[in-house]
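What's in my_file-v4.cif: mmCIF, C-alpha atoms
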```
data_entry
loop_
_atom_site.label_atom_id
_atom_site.label_comp_id
_atom_site.auth_asym_id
_atom_site.auth_seq_id
_atom_site.Cartn_x
_atom_site.Cartn_y
_atom_site.Cartn_z
CA ALA A 1 -83.95 121.31 -117.75
CA SER A 2 -85.89 124.41 -118.72
CA VAL A 3 -86.46 125.75 -122.22
CA ARG A 4 -86.59 129.49 -122.95
CA MET A 5 -88.92 130.83 -125.65
CA GLU A 6 -88.15 134.05 -127.51
CA SER A 7 -90.27 135.89 -130.09
CA MET A 8 -88.49 137.56 -132.99
CA SER A 9 -89.04 138.52 -136.62
CA ILE A 10 -86.85 138.27 -139.68
CA PRO A 11 -87.23 140.06 -143.03
CA ALA A 12 -88.66 138.03 -145.90
CA SER A 13 -86.32 137.64 -148.87
CA THR A 14 -88.59 139.97 -150.85
CA GLY A 15 -88.17 142.68 -148.20
CA GLU A 16 -91.94 143.23 -148.30
CA HIS A 17 -92.84 141.84 -144.87
CA GLN A 18 -91.50 140.38 -141.63
CA ILE A 19 -91.75 136.68 -140.74
CA PRO A 20 -92.49 136.10 -137.04
CA LEU A 21 -90.56 133.27 -135.35
CA LEU A 22 -90.63 131.59 -131.98
CA VAL A 23 -87.19 130.35 -130.89
CA PHE A 24 -86.89 127.66 -128.21
CA ARG A 25 -83.50 127.18 -126.49
CA PRO A 26 -82.73 124.60 -123.80
CA GLU A 27 -80.62 125.79 -120.88
CA THR A 28 -78.09 123.05 -121.75
CA LEU A 29 -77.59 124.42 -125.29
CA ASN A 30 -74.08 124.11 -126.72
CA ALA A 31 -72.34 124.66 -130.07
CA ASP A 32 -72.98 121.03 -131.08
CA SER A 33 -76.76 121.20 -130.43
CA PRO A 34 -78.98 120.44 -133.45
CA THR A 35 -80.94 123.16 -135.23
CA LEU A 36 -84.59 122.28 -135.96
CA VAL A 37 -87.21 124.27 -137.86
CA ASP A 38 -90.86 123.61 -137.00
CA ILE A 39 -93.59 124.37 -139.54
CA HIS A 40 -97.03 124.22 -137.93
CA GLY A 41 -100.04 122.45 -139.42
CA GLY A 42 -103.53 123.81 -139.91
CA GLY A 43 -104.53 123.07 -143.48
CA TRP A 44 -102.35 125.90 -144.85
CA MET A 45 -104.96 128.36 -143.53
CA LEU A 46 -105.28 127.93 -139.75
CA CYS A 47 -103.16 128.08 -136.57
CA LYS A 48 -99.98 129.93 -135.61
CA ALA A 49 -96.46 128.99 -134.52
CA ALA A 50 -97.60 129.10 -130.87
CA TYR A 51 -99.92 126.16 -131.64
CA ASP A 52 -96.83 123.90 -131.59
CA GLU A 53 -95.32 125.30 -128.39
CA ILE A 54 -95.60 122.05 -126.41
CA GLU A 55 -93.97 119.98 -129.18
CA CYS A 56 -91.24 122.59 -129.73
CA ARG A 57 -90.40 122.71 -126.03
CA GLU A 58 -90.32 118.91 -125.92
CA PHE A 59 -88.01 118.62 -128.95
CA ALA A 60 -85.74 121.35 -127.56
CA HIS A 61 -85.54 119.65 -124.18
CA ARG A 62 -85.20 116.01 -125.25
CA LEU A 63 -82.83 116.64 -128.18
CA ASN A 64 -80.94 119.54 -126.56
CA ALA A 65 -81.75 121.44 -129.75
CA VAL A 66 -82.65 124.94 -130.81
CA VAL A 67 -86.13 124.90 -132.34
CA VAL A 68 -87.29 127.73 -134.61
CA SER A 69 -91.05 127.74 -135.22
CA VAL A 70 -92.28 129.71 -138.26
CA ASP A 71 -95.40 131.87 -138.29
CA TYR A 72 -95.86 131.76 -142.06
CA ARG A 73 -98.57 133.69 -143.91
CA LEU A 74 -101.80 131.76 -144.32
CA ALA A 75 -104.29 131.15 -147.11
CA PRO A 76 -106.62 132.42 -148.44
CA GLU A 77 -105.11 135.89 -147.80
CA THR A 78 -101.74 134.61 -148.99
CA PRO A 79 -102.07 131.73 -151.47
CA PHE A 80 -99.24 129.52 -152.72
CA PRO A 81 -96.31 130.11 -152.84
CA GLY A 82 -96.42 132.86 -150.15
CA GLY A 83 -96.50 130.63 -147.07
CA LEU A 84 -93.99 128.21 -148.58
CA GLU A 85 -91.54 131.04 -149.33
CA ASP A 86 -91.91 132.29 -145.73
CA CYS A 87 -91.02 128.80 -144.50
CA TYR A 88 -88.06 128.63 -146.87
CA ASP A 89 -86.82 132.07 -145.79
CA ALA A 90 -87.05 131.04 -142.13
CA ALA A 91 -85.17 127.78 -142.78
CA LEU A 92 -82.45 129.62 -144.69
CA TRP A 93 -82.16 132.23 -141.92
CA ALA A 94 -81.96 129.53 -139.21
CA PHE A 95 -79.28 127.69 -141.18
CA GLN A 96 -77.22 130.84 -141.84
CA ASN A 97 -77.54 132.05 -138.24
CA ALA A 98 -77.38 128.75 -136.35
CA ALA A 99 -73.89 129.22 -134.93
CA SER A 100 -73.77 133.03 -134.63
CA VAL A 101 -77.29 133.93 -133.41
CA LEU A 102 -78.96 130.71 -132.28
CA GLY A 103 -75.90 129.07 -130.70
CA SER A 104 -76.45 125.71 -132.41
CA ASN A 105 -74.82 123.53 -135.07
CA PRO A 106 -75.87 124.26 -138.69
CA GLU A 107 -74.49 120.87 -139.76
CA LYS A 108 -77.17 119.16 -137.65
CA PHE A 109 -80.10 120.82 -139.40
CA ALA A 110 -83.58 119.33 -139.76
CA LEU A 111 -87.18 120.33 -140.46
CA PHE A 112 -90.36 118.97 -138.91
CA GLY A 113 -94.05 119.62 -139.16
CA CYS A 114 -97.45 118.13 -138.60
CA SER A 115 -100.11 117.74 -141.29
CA ALA A 116 -99.83 120.71 -143.69
CA GLY A 117 -96.61 121.60 -141.85
CA SER A 118 -95.10 118.28 -142.91
CA GLU A 119 -96.09 118.99 -146.51
CA LEU A 120 -94.50 122.45 -146.30
CA SER A 121 -91.36 120.97 -144.64
CA THR A 122 -90.98 118.53 -147.51
CA HIS A 123 -91.42 121.29 -150.09
CA VAL A 124 -88.83 123.46 -148.30
CA ALA A 125 -86.38 120.55 -148.53
CA VAL A 126 -87.07 120.17 -152.27
CA LEU A 127 -86.65 123.93 -152.81
CA ALA A 128 -83.34 123.82 -150.89
CA ARG A 129 -82.11 120.94 -153.06
CA ASP A 130 -83.14 122.66 -156.29
CA ARG A 131 -81.82 126.08 -155.33
CA ALA A 132 -78.48 124.63 -154.19
CA ALA A 133 -78.22 122.78 -157.53
CA ALA A 134 -78.82 126.12 -159.29
CA GLY A 135 -75.90 127.65 -157.37
CA LYS A 136 -78.02 129.63 -154.90
CA GLU A 137 -77.40 129.68 -151.18
CA ALA A 138 -79.63 127.12 -149.48
CA PRO A 139 -79.91 125.35 -146.13
CA ARG A 140 -78.25 121.93 -145.99
CA ILE A 141 -81.11 119.89 -144.59
CA LYS A 142 -80.12 116.55 -143.07
CA ALA A 143 -83.63 115.27 -142.28
CA VAL A 144 -87.34 116.02 -142.53
CA LEU A 145 -89.64 114.58 -139.87
CA MET A 146 -93.21 114.35 -141.15
CA LEU A 147 -95.74 114.03 -138.32
CA ASP A 148 -99.19 113.03 -139.59
CA PRO A 149 -98.33 114.22 -143.13
CA ALA A 150 -100.77 115.88 -145.49
CA CYS A 151 -99.76 113.73 -148.47
CA LEU A 152 -103.01 113.53 -150.33
CA ASP A 153 -103.42 112.93 -154.00
CA VAL A 154 -104.41 116.37 -155.26
CA VAL A 155 -106.48 114.96 -158.10
CA PHE A 156 -109.87 114.80 -156.43
CA ASP A 157 -111.57 112.45 -158.86
CA GLU A 158 -114.05 109.73 -157.91
CA VAL A 159 -111.37 107.07 -157.37
CA THR A 160 -109.18 109.31 -155.20
CA THR A 161 -112.16 110.58 -153.23
CA ALA A 162 -113.38 107.02 -152.62
CA ARG A 163 -109.87 105.92 -151.58
CA PHE A 164 -109.50 108.87 -149.17
CA SER A 165 -113.00 108.40 -147.78
CA ALA A 166 -112.17 104.79 -146.95
CA LEU A 167 -109.10 105.99 -145.03
CA ALA A 168 -111.01 108.79 -143.32
CA ASN A 169 -113.82 106.44 -142.27
CA PRO A 170 -112.12 103.40 -140.72
CA GLN A 171 -114.80 102.75 -138.07
CA PRO A 172 -117.49 100.28 -139.06
CA TRP A 173 -120.19 102.71 -137.92
CA GLY A 174 -118.96 105.33 -140.41
CA ALA A 175 -117.78 108.08 -138.04
CA LYS A 176 -115.44 110.45 -139.84
CA TYR A 177 -112.16 111.98 -138.81
CA SER A 178 -112.24 115.76 -138.50
CA LEU A 179 -110.81 116.35 -141.99
CA ALA A 180 -113.39 115.08 -144.42
CA THR A 181 -112.63 115.00 -148.12
CA GLU A 182 -114.68 118.13 -148.85
CA LEU A 183 -112.88 120.14 -146.16
CA THR A 184 -109.48 118.96 -147.36
CA GLN A 185 -110.38 119.93 -150.95
CA MET A 186 -111.53 123.37 -149.79
CA MET A 187 -108.32 123.97 -147.75
CA TYR A 188 -106.13 122.84 -150.64
CA SER A 189 -108.03 125.08 -153.06
CA MET A 190 -107.60 128.08 -150.72
CA TYR A 191 -103.87 127.34 -150.40
CA THR A 192 -103.30 127.05 -154.15
CA GLY A 193 -105.59 129.94 -155.04
CA GLY A 194 -107.77 127.47 -156.94
CA GLN A 195 -104.97 126.42 -159.28
CA ASP A 196 -103.69 122.85 -159.68
#
```
Structure rendered as structure tokens:
Amino acid sequence: ASVRMESMSIPASTGEHQIPLLVFRPETLNADSPTLVDIHGGGWMLCKAAYDEIECREFAHRLNAVVVSVDYRLAPETPFPGGLEDCYDAALWAFQNAASVLGSNPEKFALFGCSAGSELSTHVAVLARDRAAAGKEAPRIKAVLMLDPACLDVVFDEVTTARFSALANPQPWGAKYSLATELTQMMYSMYTGGQD
């Protein structure tokens, strides 16, 4: 079955900018199809929604789901919480418009992301929980799928750095994965604007 991709934009909750989205719909879509929101990885400062096109098409096809991929603003131009709020706005929009615009079921609503996208997905779920508890409208998220999550200890002391280095250097010859500790620290600092 084929999957159609559509580009669109939605207004941010602040009204100050538009948030670009890619929407993937399988040809077998029906009113009971799940609604998924994809948040791409890239260390909070790299990549675009199109980077996840293959995964989004695959999820849409295999799960008969609508997949909305968010092109959130990136660091360092937009430090925390800018990108996170874009992701939250997109999740809220997808939830509110699942049945009427997307043609899917808002009661089967989930988030997924890889690396920094999994971290942002988790934070969107926490924001949704907290905002709902405060009486604000929020998406009712049933699941968060974290693919290769960026769940690092953000205290980069000697113990943490040594622990991460051991994970990042599993080969006996000492070859490193692409995200060394220093690069991860730099990306995190850009994302947070240098604040803890």
Written as a PyMOL selection string, which residues does the PyMOL selection byres ((chain A and resi 108-117) around 7) give for the file shown? chain A and resi 34-44+105-107+118-121+140-150
Can you spell out as a count of residues only the set of residues that the PyMOL selection byres ((chain A and resi 64) around 7) selects in the structure I just provided? 9
Given the choices A:Glu77, A:Ala134, A:Val23, A:Leu102, which gets closest to Glu53 (chain A) if the distance is worked out from only C-alpha atoms? A:Val23
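If you apply the PyMOL selection byres ((chain A and resi 80-97) around 6) to this structure, you end up with Tyr72, Arg73, Thr78, Pro79, Ala98, Ala99, Ser100, Val101, Pro106, Val124, Pro139, Tyr191 and Thr192 of chain A.
Pairwise distance (CA of Ser2 (chain A), CA of Ser69 (chain A)) equals 17.6 Å.
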Could you give me the axis-aligned bounding box of region 87-97 of chain A, with 8 Å of padding per side, as centre plus edge lengths in Å to one decimal, as lines of an AutoDock Vina configuration file?
```
center_x = -84.1
center_y = 130.0
center_z = -142.6
size_x = 29.8
size_y = 20.5
size_z = 24.6
```
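Going from CA of Ala75 (chain A) to CA of Cys56 (chain A) covers 23.4 Å.
Distances from A:Leu46, A:Glu137, A:Val67, A:Glu182 to Leu22 (chain A) were compared using all atoms listed in the file, and the smallest one belongs to A:Val67.
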Provide region 28-46 of chain A rebuilt to N, CA and C atoms, formatted as a PDB file, keeping the file's coordinate frame.
```
ATOM      1  N   THR A  28     -79.322 123.834-121.542  1.00  0.00           N
ATOM      2  CA  THR A  28     -78.090 123.050-121.750  1.00  0.00           C
ATOM      3  C   THR A  28     -77.543 123.190-123.167  1.00  0.00           C
ATOM      4  N   LEU A  29     -78.015 124.191-123.913  1.00  0.00           N
ATOM      5  CA  LEU A  29     -77.590 124.420-125.290  1.00  0.00           C
ATOM      6  C   LEU A  29     -76.067 124.543-125.393  1.00  0.00           C
ATOM      7  N   ASN A  30     -75.512 123.942-126.455  1.00  0.00           N
ATOM      8  CA  ASN A  30     -74.080 124.110-126.720  1.00  0.00           C
ATOM      9  C   ASN A  30     -73.867 124.179-128.233  1.00  0.00           C
ATOM     10  N   ALA A  31     -72.647 124.433-128.648  1.00  0.00           N
ATOM     11  CA  ALA A  31     -72.340 124.660-130.070  1.00  0.00           C
ATOM     12  C   ALA A  31     -72.578 123.426-130.933  1.00  0.00           C
ATOM     13  N   ASP A  32     -72.736 122.253-130.315  1.00  0.00           N
ATOM     14  CA  ASP A  32     -72.980 121.030-131.080  1.00  0.00           C
ATOM     15  C   ASP A  32     -74.473 120.663-131.102  1.00  0.00           C
ATOM     16  N   SER A  33     -75.324 121.483-130.477  1.00  0.00           N
ATOM     17  CA  SER A  33     -76.760 121.200-130.430  1.00  0.00           C
ATOM     18  C   SER A  33     -77.371 121.291-131.825  1.00  0.00           C
ATOM     19  N   PRO A  34     -78.304 120.388-132.145  1.00  0.00           N
ATOM     20  CA  PRO A  34     -78.980 120.440-133.450  1.00  0.00           C
ATOM     21  C   PRO A  34     -79.811 121.717-133.623  1.00  0.00           C
ATOM     22  N   THR A  35     -80.079 122.040-134.863  1.00  0.00           N
ATOM     23  CA  THR A  35     -80.940 123.160-135.230  1.00  0.00           C
ATOM     24  C   THR A  35     -82.160 122.586-135.934  1.00  0.00           C
ATOM     25  N   LEU A  36     -83.352 122.816-135.386  1.00  0.00           N
ATOM     26  CA  LEU A  36     -84.590 122.280-135.960  1.00  0.00           C
ATOM     27  C   LEU A  36     -85.517 123.436-136.332  1.00  0.00           C
ATOM     28  N   VAL A  37     -86.198 123.293-137.453  1.00  0.00           N
ATOM     29  CA  VAL A  37     -87.210 124.270-137.860  1.00  0.00           C
ATOM     30  C   VAL A  37     -88.555 123.562-137.863  1.00  0.00           C
ATOM     31  N   ASP A  38     -89.494 124.133-137.092  1.00  0.00           N
ATOM     32  CA  ASP A  38     -90.860 123.610-137.000  1.00  0.00           C
ATOM     33  C   ASP A  38     -91.777 124.422-137.901  1.00  0.00           C
ATOM     34  N   ILE A  39     -92.580 123.716-138.702  1.00  0.00           N
ATOM     35  CA  ILE A  39     -93.590 124.370-139.540  1.00  0.00           C
ATOM     36  C   ILE A  39     -94.948 123.806-139.109  1.00  0.00           C
ATOM     37  N   HIS A  40     -95.761 124.674-138.517  1.00  0.00           N
ATOM     38  CA  HIS A  40     -97.030 124.220-137.930  1.00  0.00           C
ATOM     39  C   HIS A  40     -98.023 123.743-138.990  1.00  0.00           C
ATOM     40  N   GLY A  41     -98.950 122.912-138.564  1.00  0.00           N
ATOM     41  CA  GLY A  41    -100.040 122.450-139.420  1.00  0.00           C
ATOM     42  C   GLY A  41    -101.206 123.431-139.368  1.00  0.00           C
ATOM     43  N   GLY A  42    -102.327 122.990-139.919  1.00  0.00           N
ATOM     44  CA  GLY A  42    -103.530 123.810-139.910  1.00  0.00           C
ATOM     45  C   GLY A  42    -104.150 123.981-141.285  1.00  0.00           C
ATOM     46  N   GLY A  43    -103.896 123.028-142.170  1.00  0.00           N
ATOM     47  CA  GLY A  43    -104.530 123.070-143.480  1.00  0.00           C
ATOM     48  C   GLY A  43    -104.108 124.253-144.331  1.00  0.00           C
ATOM     49  N   TRP A  44    -102.908 124.769-144.099  1.00  0.00           N
ATOM     50  CA  TRP A  44    -102.350 125.900-144.850  1.00  0.00           C
ATOM     51  C   TRP A  44    -103.092 127.210-144.580  1.00  0.00           C
ATOM     52  N   MET A  45    -104.149 127.162-143.730  1.00  0.00           N
ATOM     53  CA  MET A  45    -104.960 128.360-143.530  1.00  0.00           C
ATOM     54  C   MET A  45    -105.356 128.613-142.084  1.00  0.00           C
ATOM     55  N   LEU A  46    -104.917 127.774-141.150  1.00  0.00           N
ATOM     56  CA  LEU A  46    -105.280 127.930-139.750  1.00  0.00           C
ATOM     57  C   LEU A  46    -104.032 127.821-138.872  1.00  0.00           C
TER      58      LEU A  46
END
```
